[in-house]
Structures are given as C-alpha cells and as structure tokens.
file start29.cif (mmCIF, C-alpha atoms and all ligand atoms)
data_query
loop_
_atom_site.label_atom_id
_atom_site.label_comp_id
_atom_site.auth_asym_id
_atom_site.auth_seq_id
_atom_site.Cartn_x
_atom_site.Cartn_y
_atom_site.Cartn_z
CA MET X 22 -32.40 18.69 -6.13
CA VAL X 23 -33.73 21.74 -4.28
CA ARG X 24 -35.98 20.93 -1.33
CA SER X 25 -38.48 23.29 0.26
CA ALA X 26 -37.97 24.17 3.92
CA GLY X 27 -41.22 22.35 4.65
CA ALA X 28 -39.94 19.11 3.13
CA ILE X 29 -36.73 19.35 5.17
CA PHE X 30 -38.57 20.03 8.45
CA ALA X 31 -41.00 17.22 7.76
CA ARG X 32 -38.04 14.86 7.79
CA LEU X 33 -36.44 16.24 10.95
CA PRO X 34 -38.17 14.05 13.58
CA VAL X 35 -37.03 10.98 11.66
CA ILE X 36 -33.46 12.24 11.59
CA VAL X 37 -33.50 13.01 15.33
CA THR X 38 -34.78 9.56 16.31
CA GLN X 39 -32.07 7.99 14.15
CA VAL X 40 -29.25 9.61 16.14
CA LYS X 41 -27.45 6.85 17.99
CA ASP X 42 -26.58 6.99 21.65
CA THR X 43 -22.89 6.69 22.32
CA ILE X 44 -20.76 5.49 25.21
CA SER X 45 -17.65 7.44 26.06
CA VAL X 46 -15.14 5.65 28.28
CA GLY X 47 -11.49 6.72 28.40
CA PRO X 48 -10.26 6.98 24.78
CA LEU X 49 -13.17 4.89 23.46
CA GLN X 50 -16.32 6.09 21.74
CA LEU X 51 -18.73 3.22 21.25
CA PRO X 52 -22.34 2.97 20.11
CA LYS X 53 -24.83 2.23 22.89
CA PRO X 54 -25.39 -0.63 23.23
CA ALA X 55 -22.01 -1.92 22.04
CA LEU X 56 -20.95 -5.45 21.15
CA MET X 57 -17.59 -6.71 22.40
CA GLY X 58 -16.48 -9.77 20.41
CA VAL X 59 -14.59 -12.44 22.36
CA LEU X 60 -11.29 -13.56 20.85
CA ASN X 61 -9.71 -16.34 22.89
CA VAL X 62 -6.06 -16.97 22.14
CA THR X 63 -5.59 -19.85 24.55
CA PRO X 64 -3.99 -22.99 23.04
CA ASP X 65 -7.26 -24.92 23.20
CA SER X 66 -8.96 -22.27 21.04
CA PHE X 67 -6.41 -22.51 18.20
CA SER X 68 -4.92 -25.91 18.89
CA ASP X 69 -3.06 -26.88 15.72
CA GLY X 70 -0.45 -25.03 13.65
CA GLY X 71 2.54 -22.86 14.49
CA ARG X 72 2.69 -19.29 15.74
CA PHE X 73 2.02 -17.50 12.45
CA ASP X 74 -0.82 -19.79 11.63
CA THR X 75 -2.28 -19.02 15.05
CA LEU X 76 -1.82 -15.30 14.47
CA ASP X 77 -3.45 -15.43 11.03
CA ARG X 78 -6.38 -17.36 12.38
CA ALA X 79 -6.84 -14.96 15.28
CA VAL X 80 -6.84 -11.99 12.90
CA ALA X 81 -9.26 -13.75 10.54
CA ALA X 82 -11.61 -14.50 13.45
CA ALA X 83 -11.49 -10.85 14.54
CA GLU X 84 -12.05 -9.60 10.97
CA ASN X 85 -15.06 -11.86 10.76
CA MET X 86 -16.47 -10.44 14.01
CA ALA X 87 -15.83 -6.91 12.74
CA ALA X 88 -17.75 -7.69 9.54
CA GLN X 89 -20.60 -9.12 11.62
CA GLY X 90 -21.01 -5.93 13.65
CA ALA X 91 -18.63 -6.06 16.62
CA ASP X 92 -17.64 -2.65 18.02
CA LEU X 93 -14.50 -3.84 19.81
CA ILE X 94 -12.50 -7.05 20.17
CA ASP X 95 -11.54 -8.55 23.55
CA VAL X 96 -8.30 -10.54 23.34
CA GLY X 97 -7.72 -13.04 26.14
CA GLY X 98 -4.81 -15.41 26.70
CA GLU X 99 -5.77 -16.75 30.12
CA SER X 100 -8.76 -19.02 30.58
CA THR X 101 -10.88 -17.85 33.50
CA ARG X 102 -13.54 -20.50 33.18
CA PRO X 103 -14.43 -22.33 36.41
CA GLY X 104 -11.62 -24.70 37.43
CA ALA X 105 -9.02 -23.08 35.11
CA GLU X 106 -5.36 -23.05 36.19
CA PRO X 107 -3.33 -19.80 36.10
CA VAL X 108 -0.94 -19.18 33.16
CA ASP X 109 2.58 -17.76 33.54
CA THR X 110 3.48 -14.24 32.38
CA ASP X 111 5.77 -15.16 29.46
CA GLU X 112 3.24 -17.56 28.06
CA GLU X 113 0.40 -15.03 28.33
CA LEU X 114 2.55 -12.28 26.76
CA GLU X 115 3.45 -14.54 23.85
CA ARG X 116 -0.20 -15.38 23.23
CA VAL X 117 -1.66 -11.90 23.56
CA VAL X 118 0.79 -9.18 22.47
CA PRO X 119 1.39 -10.29 18.84
CA VAL X 120 -2.37 -10.60 18.35
CA VAL X 121 -3.03 -7.11 19.75
CA GLU X 122 -0.32 -5.71 17.46
CA ALA X 123 -1.69 -7.50 14.40
CA LEU X 124 -5.28 -6.42 15.12
CA ARG X 125 -4.25 -2.79 15.56
CA ALA X 126 -2.36 -2.94 12.24
CA ARG X 127 -5.10 -4.67 10.25
CA LEU X 128 -8.41 -3.73 11.86
CA ALA X 129 -10.19 -0.42 12.41
CA LEU X 130 -11.82 -1.57 15.68
CA PRO X 131 -10.52 -0.82 19.16
CA VAL X 132 -8.92 -3.71 21.03
CA SER X 133 -9.37 -4.71 24.65
CA VAL X 134 -7.13 -7.08 26.61
CA ASP X 135 -8.69 -9.59 29.00
CA THR X 136 -5.99 -9.98 31.66
CA SER X 137 -5.25 -9.57 35.36
CA ASN X 138 -1.49 -9.52 34.89
CA PRO X 139 0.11 -6.02 35.14
CA THR X 140 2.99 -6.95 32.81
CA VAL X 141 0.55 -8.17 30.17
CA MET X 142 -1.52 -4.98 30.66
CA ARG X 143 1.53 -2.77 30.07
CA GLU X 144 2.72 -4.62 26.98
CA ALA X 145 -0.74 -4.94 25.46
CA LEU X 146 -1.45 -1.23 26.00
CA ALA X 147 1.95 -0.37 24.48
CA ALA X 148 0.98 -2.57 21.50
CA GLY X 149 -2.19 -0.49 21.00
CA ALA X 150 -4.93 -1.97 23.21
CA GLN X 151 -7.22 0.76 24.57
CA LEU X 152 -9.15 -1.11 27.26
CA VAL X 153 -8.05 -3.43 30.07
CA ASN X 154 -10.76 -5.96 30.88
CA ASP X 155 -9.83 -7.42 34.26
CA VAL X 156 -12.01 -10.10 35.85
CA ARG X 157 -10.04 -9.42 39.06
CA ALA X 158 -10.80 -5.66 39.01
CA LEU X 159 -7.12 -4.55 39.10
CA SER X 160 -6.55 -6.37 42.41
CA ARG X 161 -3.14 -7.89 41.53
CA PRO X 162 -0.12 -5.93 42.84
CA GLY X 163 0.92 -3.36 40.21
CA ALA X 164 -2.29 -3.60 38.16
CA LEU X 165 -3.72 -0.24 39.28
CA GLU X 166 -0.42 1.45 38.45
CA ALA X 167 -0.14 -0.25 35.05
CA VAL X 168 -3.48 1.27 34.03
CA ALA X 169 -2.98 4.61 35.83
CA GLU X 170 0.25 5.24 33.88
CA THR X 171 -1.73 5.26 30.63
CA ASP X 172 -4.99 6.86 29.48
CA ALA X 173 -6.62 3.49 28.77
CA ALA X 174 -10.14 2.52 29.76
CA VAL X 175 -10.72 -0.30 32.24
CA CYS X 176 -13.52 -2.75 32.98
CA LEU X 177 -13.75 -3.77 36.63
CA MET X 178 -15.53 -7.10 37.17
CA HIS X 179 -16.85 -8.67 40.34
CA MET X 180 -15.65 -12.17 41.18
CA ARG X 181 -16.01 -14.14 44.41
CA GLY X 182 -12.96 -16.40 45.00
CA THR X 183 -10.68 -17.52 42.15
CA PRO X 184 -11.50 -19.40 38.90
CA LEU X 185 -10.13 -22.56 40.52
CA THR X 186 -12.51 -22.39 43.50
CA MET X 187 -15.24 -19.83 42.77
CA GLN X 188 -18.08 -22.23 41.99
CA ALA X 189 -17.50 -24.41 45.09
CA ASN X 190 -20.16 -22.85 47.30
CA PRO X 191 -20.89 -19.23 46.47
CA ASP X 192 -22.83 -17.56 49.27
CA TYR X 193 -24.14 -14.01 49.72
CA ALA X 194 -26.48 -12.41 52.26
CA GLU X 195 -27.67 -10.03 49.49
CA VAL X 196 -25.99 -10.63 46.15
CA VAL X 197 -26.88 -7.35 44.37
CA ASP X 198 -25.91 -5.15 47.32
CA GLU X 199 -22.65 -7.04 47.82
CA VAL X 200 -21.68 -6.93 44.14
CA ALA X 201 -22.56 -3.21 43.96
CA ALA X 202 -20.56 -2.46 47.13
CA PHE X 203 -17.56 -4.38 45.79
CA LEU X 204 -17.66 -2.49 42.50
CA ALA X 205 -18.10 0.88 44.26
CA GLN X 206 -14.98 0.13 46.30
CA ALA X 207 -13.06 -1.01 43.21
CA VAL X 208 -13.98 2.27 41.48
CA GLN X 209 -12.76 4.21 44.54
CA ARG X 210 -9.44 2.32 44.55
CA CYS X 211 -9.00 3.28 40.90
CA GLU X 212 -9.79 6.92 41.56
CA ALA X 213 -7.35 7.01 44.47
CA ALA X 214 -4.67 5.61 42.12
CA GLY X 215 -5.33 8.35 39.55
CA ILE X 216 -7.71 6.52 37.20
CA ASP X 217 -10.57 8.91 36.52
CA ARG X 218 -14.12 7.57 36.79
CA SER X 219 -14.68 8.56 33.15
CA ARG X 220 -12.27 5.74 32.19
CA ILE X 221 -14.13 3.00 34.09
CA MET X 222 -16.77 0.41 33.20
CA VAL X 223 -18.21 -2.05 35.73
CA ASP X 224 -19.40 -5.64 35.35
CA PRO X 225 -21.32 -7.86 37.83
CA GLY X 226 -19.37 -10.92 36.62
CA PHE X 227 -22.06 -13.41 35.67
CA GLY X 228 -20.92 -16.93 36.59
CA PHE X 229 -17.90 -15.84 38.61
CA GLY X 230 -18.67 -17.24 42.06
CA LYS X 231 -22.46 -17.19 41.61
CA THR X 232 -25.25 -19.75 41.65
CA LEU X 233 -27.99 -19.76 39.01
CA GLN X 234 -30.24 -17.84 41.42
CA HIS X 235 -27.52 -15.23 42.04
CA ASN X 236 -27.05 -14.77 38.28
CA LEU X 237 -30.78 -14.39 37.63
CA THR X 238 -31.15 -11.94 40.51
CA LEU X 239 -28.26 -9.84 39.21
CA LEU X 240 -29.85 -9.74 35.76
CA ALA X 241 -33.28 -8.87 37.18
CA ARG X 242 -31.82 -6.04 39.24
CA LEU X 243 -29.13 -4.83 36.85
CA PRO X 244 -30.47 -1.22 36.88
CA GLU X 245 -29.25 -0.95 40.48
CA LEU X 246 -25.66 -0.93 39.19
CA GLU X 247 -26.33 2.32 37.33
CA SER X 248 -25.95 4.18 40.65
CA LEU X 249 -22.19 3.57 40.31
CA GLY X 250 -22.20 6.14 37.52
CA CYS X 251 -20.15 4.02 35.09
CA PRO X 252 -21.18 2.18 31.93
CA VAL X 253 -22.18 -1.43 32.65
CA LEU X 254 -20.68 -4.33 30.68
CA VAL X 255 -22.20 -7.79 30.90
CA GLY X 256 -20.81 -11.16 29.88
CA LEU X 257 -23.58 -13.74 29.58
CA SER X 258 -22.46 -15.49 26.41
CA ARG X 259 -22.93 -19.30 26.55
CA LYS X 260 -22.44 -19.33 30.32
CA SER X 261 -23.24 -22.29 32.55
CA MET X 262 -26.29 -20.49 33.96
CA PHE X 263 -28.01 -21.42 30.67
CA GLY X 264 -26.72 -24.97 30.98
CA GLN X 265 -28.34 -25.18 34.40
CA LEU X 266 -31.58 -23.43 33.50
CA LEU X 267 -32.11 -25.15 30.14
CA ASP X 268 -30.03 -28.32 30.38
CA ARG X 269 -28.03 -27.31 27.31
CA ALA X 270 -24.40 -27.96 26.28
CA VAL X 271 -22.11 -24.96 25.61
CA ASP X 272 -22.87 -24.94 21.87
CA GLU X 273 -26.65 -25.02 22.50
CA ARG X 274 -26.93 -21.87 24.62
CA LEU X 275 -27.35 -19.19 21.96
CA ALA X 276 -31.13 -18.73 22.33
CA GLY X 277 -30.81 -18.46 26.13
CA THR X 278 -27.90 -16.06 25.74
CA LEU X 279 -29.86 -13.83 23.35
CA ALA X 280 -32.91 -13.70 25.62
CA ALA X 281 -30.76 -12.75 28.60
CA GLY X 282 -28.84 -10.22 26.51
CA GLN X 283 -32.06 -8.55 25.46
CA LEU X 284 -33.17 -8.31 29.09
CA ALA X 285 -29.77 -6.81 29.93
CA LEU X 286 -30.29 -4.15 27.24
CA ASP X 287 -33.77 -3.39 28.63
CA ALA X 288 -32.10 -3.01 32.03
CA GLY X 289 -29.67 -0.43 30.65
CA ALA X 290 -26.54 -2.51 29.93
CA HIS X 291 -24.08 -0.55 27.80
CA VAL X 292 -21.85 -3.33 26.43
CA LEU X 293 -22.49 -7.02 25.76
CA ARG X 294 -19.45 -9.32 25.67
CA VAL X 295 -20.37 -12.03 23.16
CA HIS X 296 -19.08 -14.96 21.13
CA ASP X 297 -21.92 -14.94 18.55
CA VAL X 298 -21.60 -11.46 17.08
CA ALA X 299 -23.85 -11.83 14.01
CA GLU X 300 -26.82 -13.04 16.07
CA HIS X 301 -26.35 -10.32 18.69
CA HIS X 302 -26.10 -7.73 15.92
CA ASP X 303 -29.57 -8.77 14.68
CA MET X 304 -30.94 -8.86 18.20
CA ARG X 305 -29.60 -5.36 18.87
CA GLN X 306 -31.17 -4.04 15.67
CA VAL X 307 -34.60 -5.40 16.59
CA TRP X 308 -34.20 -4.17 20.19
CA ARG X 309 -33.18 -0.67 19.07
CA SER X 310 -36.03 -0.34 16.60
CA VAL X 311 -38.66 -1.25 19.20
CA ARG X 312 -36.93 0.64 22.00
CA ARG X 313 -37.13 3.88 20.05
CA LEU X 314 -40.88 3.48 19.65
CA GLN X 315 -41.27 2.59 23.35
CA ILE X 316 -39.46 5.77 24.35
CA GLN X 317 -41.62 7.85 22.03
CA SER X 318 -44.86 6.34 23.34
CA THR X 319 -43.75 6.68 26.98
CA LYS X 320 -43.09 10.37 26.33
CA LYS X 321 -46.69 10.64 25.15
CA GLY X 322 -47.88 9.17 28.47
CA ARG X 323 -48.95 5.78 27.15
CA PRO X 324 -48.52 2.71 29.40
CA GLY X 325 -45.00 1.24 29.68
CA ILE X 326 -43.75 -2.29 30.31
CA ALA X 327 -44.24 -2.00 34.09
CA ASP X 328 -48.00 -2.07 33.50
CA GLN X 329 -48.02 -5.61 32.10
CA GLY X 330 -48.92 -8.47 34.45
CA GLU X 331 -46.85 -11.33 35.88
CA PRO X 332 -45.44 -13.89 33.43
CA GLY X 333 -47.12 -17.31 33.55
C1 LIG Y 1 -16.25 -12.33 31.39
C2 LIG Y 1 -15.04 -11.75 31.08
C3 LIG Y 1 -17.33 -11.51 31.85
C4 LIG Y 1 -15.84 -9.65 31.60
C5 LIG Y 1 -14.89 -13.88 30.78
C6 LIG Y 1 -16.50 -16.69 29.60
C7 LIG Y 1 -15.51 -16.62 30.68
N1 LIG Y 1 -14.83 -10.41 31.19
N2 LIG Y 1 -14.19 -12.73 30.71
N3 LIG Y 1 -17.06 -10.17 31.94
N4 LIG Y 1 -16.16 -13.67 31.18
N5 LIG Y 1 -15.67 -8.33 31.73
O1 LIG Y 1 -16.48 -15.95 28.62
O2 LIG Y 1 -17.36 -17.61 29.74
O3 LIG Y 1 -18.44 -11.94 32.17
S1 LIG Y 1 -14.19 -15.43 30.42
#

call {"tool": "encode", "arguments": {"input": "start29.cif", "output": "structure tokens", "more": "lines below"}}
Ligand code: 7PJ
result
Amino acid sequence: MVRSAGAIFARLPVIVTQVKDTISVGPLQLPKPALMGVLNVTPDSFSDGGRFDTLDRAVAAAENMAAQGADLIDVGGESTRPGAEPVDTDEELERVVPVVEALRARLALPVSVDTSNPTVMREALAAGAQLVNDVRALSRPGALEAVAETDAAVCLMHMRGTPLTMQANPDYAEVVDEVAAFLAQAVQRCEAAGIDRSRIMVDPGFGFGKTLQHNLTLLARLPELESLGCPVLVGLSRKSMFGQLLDRAVDERLAGTLAAGQLALDAGAHVLRVHDVAEHHDMRQVWRSVRRLQIQSTKKGRPGIADQGEPG
C-alpha cells in the first residue's frame, strides 16, 4: 500500500511517543522501567527433589517470569532476610552456578547474581551472569576486584549492620542523607578500583536495617538518590514494611507492594526487583500509558501532580 506523505506525518507523533526509554548499565540494555524477577535457589525455596529436579524447576520458574514480562532474572543462593545465617562458599557456588549456566543456555534474558561472595561473583560471571547484585555493596575483601576484572554491571545496595542483626534497633540522624552518602562513597570506591560509573546501579535497600518510618521516608524522597548519577533499583516486593503497615502475612502483601512500586516509578526508579512479575507487568503498562500523557500535558503547561492537595 502506498501512503501519502501527509498520512505518514500524521502518524509521526504517535510513533515518537511510543519510543521506549532505555537504561544502559555496563553490558545491559534494559527498558525503563525494568522488572527484575527474583529467583531464589536456597534449599527452602525448592525443598524436595535432587539436583537436576531443582535445576529444572529453577529454569521453569525463570521461563515463567520471562513469559510474564521480566527483563532480567536475579539468581540468589544466600538468604539475606532478617535473621538469616551466612552460607559457605561451596554451598552457594553449588546452588547458583549451575542455575546461571542453565538460564544463559535456555533463556534470552540477562542474568544477575545476588551475592556478596567474590568467589561466587567470579564463577557466576564466568558462567554468563552480566550483573552482580550485592546487598553489601562490594564490601567483602576481593569483591571490588572480582567485578573490576570483568565488564559486568553492579548494583550497590545500602544496608545497616548484617542480616543477622540489622533489624535490632536501626537508628539514623537523617536516613535519606545517610543512605545517599553511603552510596556515593560506595560508588567512589568502585571508581577507584576501576569500575566505571556507567556500570553501576544504586539501591537504598528497603528493609535492610530500617524501621517502617525509615522505609517510607526513603520512598517519599527517592528522587534525592538521582543526584548520584546512577540508575536506581528498588526492592520492595513483599517486604515486612507492608506487614507492619497493613498487618499482612508475606503472601498478602501484593497490593501494598504494587502501590509502593508505582510510587517508586513516579519517583524515577529505573528497576523494580519483584517476585510477582505478571502483576508488576500490568502495573507498569498502566503507569507508562498515563505517564506519557502526564508528560505531554506538563509540556503544554497544564497543572502537574504537585498542584493536588494533601491526602486525607
Ligand atoms: C534486595 C535484594 C533489595 C537488592 C534482597 C527480599 C530480601 N537486592 N535482595 N535490593 N532484597 N538489590 O527479597 O525480601 O531490596 S533479598
């Protein structure tokens, strides 16, 4: 079919507003906002069956998340929930590396490894992982070097204390300033070790040594982390902050998680780390569709969200 120039130009604004933002971090190109699907490979997450059964189930879970709209898969073999005990290197390697290998062989999505252990980082990156997600911000001896030796991306998260002790009595004079200062210093340590800023994402670490009030304040003031100049990743999924705020068990926190996730997107978050990919995929679609119209109307000088009153 031959179209007139007029018909083509008439469609142009539509085409332009459909162009997706992208996030570029190290070797990764992700849509903005991106969804990181959580794949736990701790024994309690796949309790029965032998090794191959575990592997098959992990791959099936990741394939399911990919079909539901995940943009990358975060593989973790160490539980970092409050009160969790550390796991030894051999055990973590055995849990994580075969899964990373299998996902790279069978899935088109990039893979991230949720670890603080430099040996696990090295082996997982050699097996094809492209992002190190470290809740301890590469603070373990050898971790900076393990990432610097490669071209992988890294996510630096803020935590106060250790998973065993962090929720005992978290205390800050000014939580947002302290988290931002910690992350700025972690970024500098990386740069000094040869990890370029363009490879780094930052994360305020919801629930890691924070009270409910700290978590809410960090979410409310998330845009302040943009001054670090790195994409911001947030992990809110099913966290105890929703248990406290709503009096809900872990499996009843999806609505709270989605509301907080939407606020995080409004505040400029680049990546959401989530368990419930399908629901976040829908939320993102609704958010994007309205966001586009908000941006267009703001450009025309119409009132924005700051002009609405206080909530009741
Ligand atoms: C996070 C994480 C998070 C990043 C976990 C849980 C606890 N990594 N790993 N950010 N949380 N970057 O999922 O409840 O918030 S494990």

call {"tool": "atom_distance", "arguments": {"input": "start29.cif", "atom1": "CA of Val62 in chain X", "atom2": "CA of Val117 in chain X"}}
result
6.9 Å

call {"tool": "residues_around", "arguments": {"input": "start29.cif", "residues": "Arg125 in chain X", "least_positions_apart": "4", "cutoff": "8 Å", "atoms": "all atoms listed in the file", "output": "number ranges by chain"}}
result
X: 121, 129-132, 148-150

call {"tool": "residues_around", "arguments": {"input": "start29.cif", "residues": "Asp172 in chain X", "least_positions_apart": "6", "cutoff": "12 Å", "atoms": "only C-alpha atoms", "output": "PyMOL selection string"}}
result
chain X and resi 46-49+143+146-147+149-153+166+215-221

call {"tool": "closest_residue", "arguments": {"input": "start29.cif", "among": "X:Ala167, X:Val255, X:Leu286, X:Val292", "to": "ligand LIG 1 (chain Y)", "atoms": "only C-alpha atoms and all ligand atoms"}}
result
X:Val255

call {"tool": "atom_distance", "arguments": {"input": "start29.cif", "atom1": "CA of Ala290 in chain X", "atom2": "CA of Glu247 in chain X"}}
result
8.8 Å

call {"tool": "residues_near_ligand", "arguments": {"input": "start29.cif", "ligand": "ligand LIG 1 (chain Y)", "cutoff": "9 Å", "atoms": "all atoms listed in the file", "output": "NGL selection string"}}
result
:X and (59 or 61 or 95 or 97 or 99-103 or 135-136 or 154-156 or 176-179 or 222-229 or 254-261 or 293-296)

call {"tool": "write_last_selection", "arguments": {"input": "start29.cif", "atoms": "C-alpha atoms", "output": "CSV table (one decimal), in the coordinates of the input"}}
result
chain,number,residue,atom,x,y,z
X,59,VAL,CA,-14.6,-12.4,22.4
X,61,ASN,CA,-9.7,-16.3,22.9
X,95,ASP,CA,-11.5,-8.6,23.6
X,97,GLY,CA,-7.7,-13.0,26.1
X,99,GLU,CA,-5.8,-16.8,30.1
X,100,SER,CA,-8.8,-19.0,30.6
X,101,THR,CA,-10.9,-17.8,33.5
X,102,ARG,CA,-13.5,-20.5,33.2
X,103,PRO,CA,-14.4,-22.3,36.4
X,135,ASP,CA,-8.7,-9.6,29.0
X,136,THR,CA,-6.0,-10.0,31.7
X,154,ASN,CA,-10.8,-6.0,30.9
X,155,ASP,CA,-9.8,-7.4,34.3
X,156,VAL,CA,-12.0,-10.1,35.8
X,176,CYS,CA,-13.5,-2.8,33.0
X,177,LEU,CA,-13.8,-3.8,36.6
X,178,MET,CA,-15.5,-7.1,37.2
X,179,HIS,CA,-16.8,-8.7,40.3
X,222,MET,CA,-16.8,0.4,33.2
X,223,VAL,CA,-18.2,-2.0,35.7
X,224,ASP,CA,-19.4,-5.6,35.4
X,225,PRO,CA,-21.3,-7.9,37.8
X,226,GLY,CA,-19.4,-10.9,36.6
X,227,PHE,CA,-22.1,-13.4,35.7
X,228,GLY,CA,-20.9,-16.9,36.6
X,229,PHE,CA,-17.9,-15.8,38.6
X,254,LEU,CA,-20.7,-4.3,30.7
X,255,VAL,CA,-22.2,-7.8,30.9
X,256,GLY,CA,-20.8,-11.2,29.9
X,257,LEU,CA,-23.6,-13.7,29.6
X,258,SER,CA,-22.5,-15.5,26.4
X,259,ARG,CA,-22.9,-19.3,26.6
X,260,LYS,CA,-22.4,-19.3,30.3
X,261,SER,CA,-23.2,-22.3,32.6
X,293,LEU,CA,-22.5,-7.0,25.8
X,294,ARG,CA,-19.4,-9.3,25.7
X,295,VAL,CA,-20.4,-12.0,23.2
X,296,HIS,CA,-19.1,-15.0,21.1

call {"tool": "closest_residue", "arguments": {"input": "start29.cif", "among": "X:Leu56, X:Leu233, X:Leu204, X:Ala281", "to": "Leu93 in chain X", "atoms": "only C-alpha atoms"}}
result
X:Leu56

call {"tool": "atom_distance", "arguments": {"input": "start29.cif", "atom1": "CA of Glu170 in chain X", "atom2": "CA of Ala145 in chain X"}}
result
13.2 Å

call {"tool": "residues_around", "arguments": {"input": "start29.cif", "residues": "range 300-314 of chain X", "least_positions_apart": "6", "cutoff": "9 Å", "atoms": "only C-alpha atoms", "output": "number ranges by chain"}}
result
X: 38-39, 54-56, 89-91, 275, 279, 282-283, 286-287, 293

call {"tool": "closest_residue", "arguments": {"input": "start29.cif", "among": "X:Gln265, X:Gln317, X:Ser137, X:Gln50", "to": "Leu237 in chain X", "atoms": "only C-alpha atoms"}}
result
X:Gln265
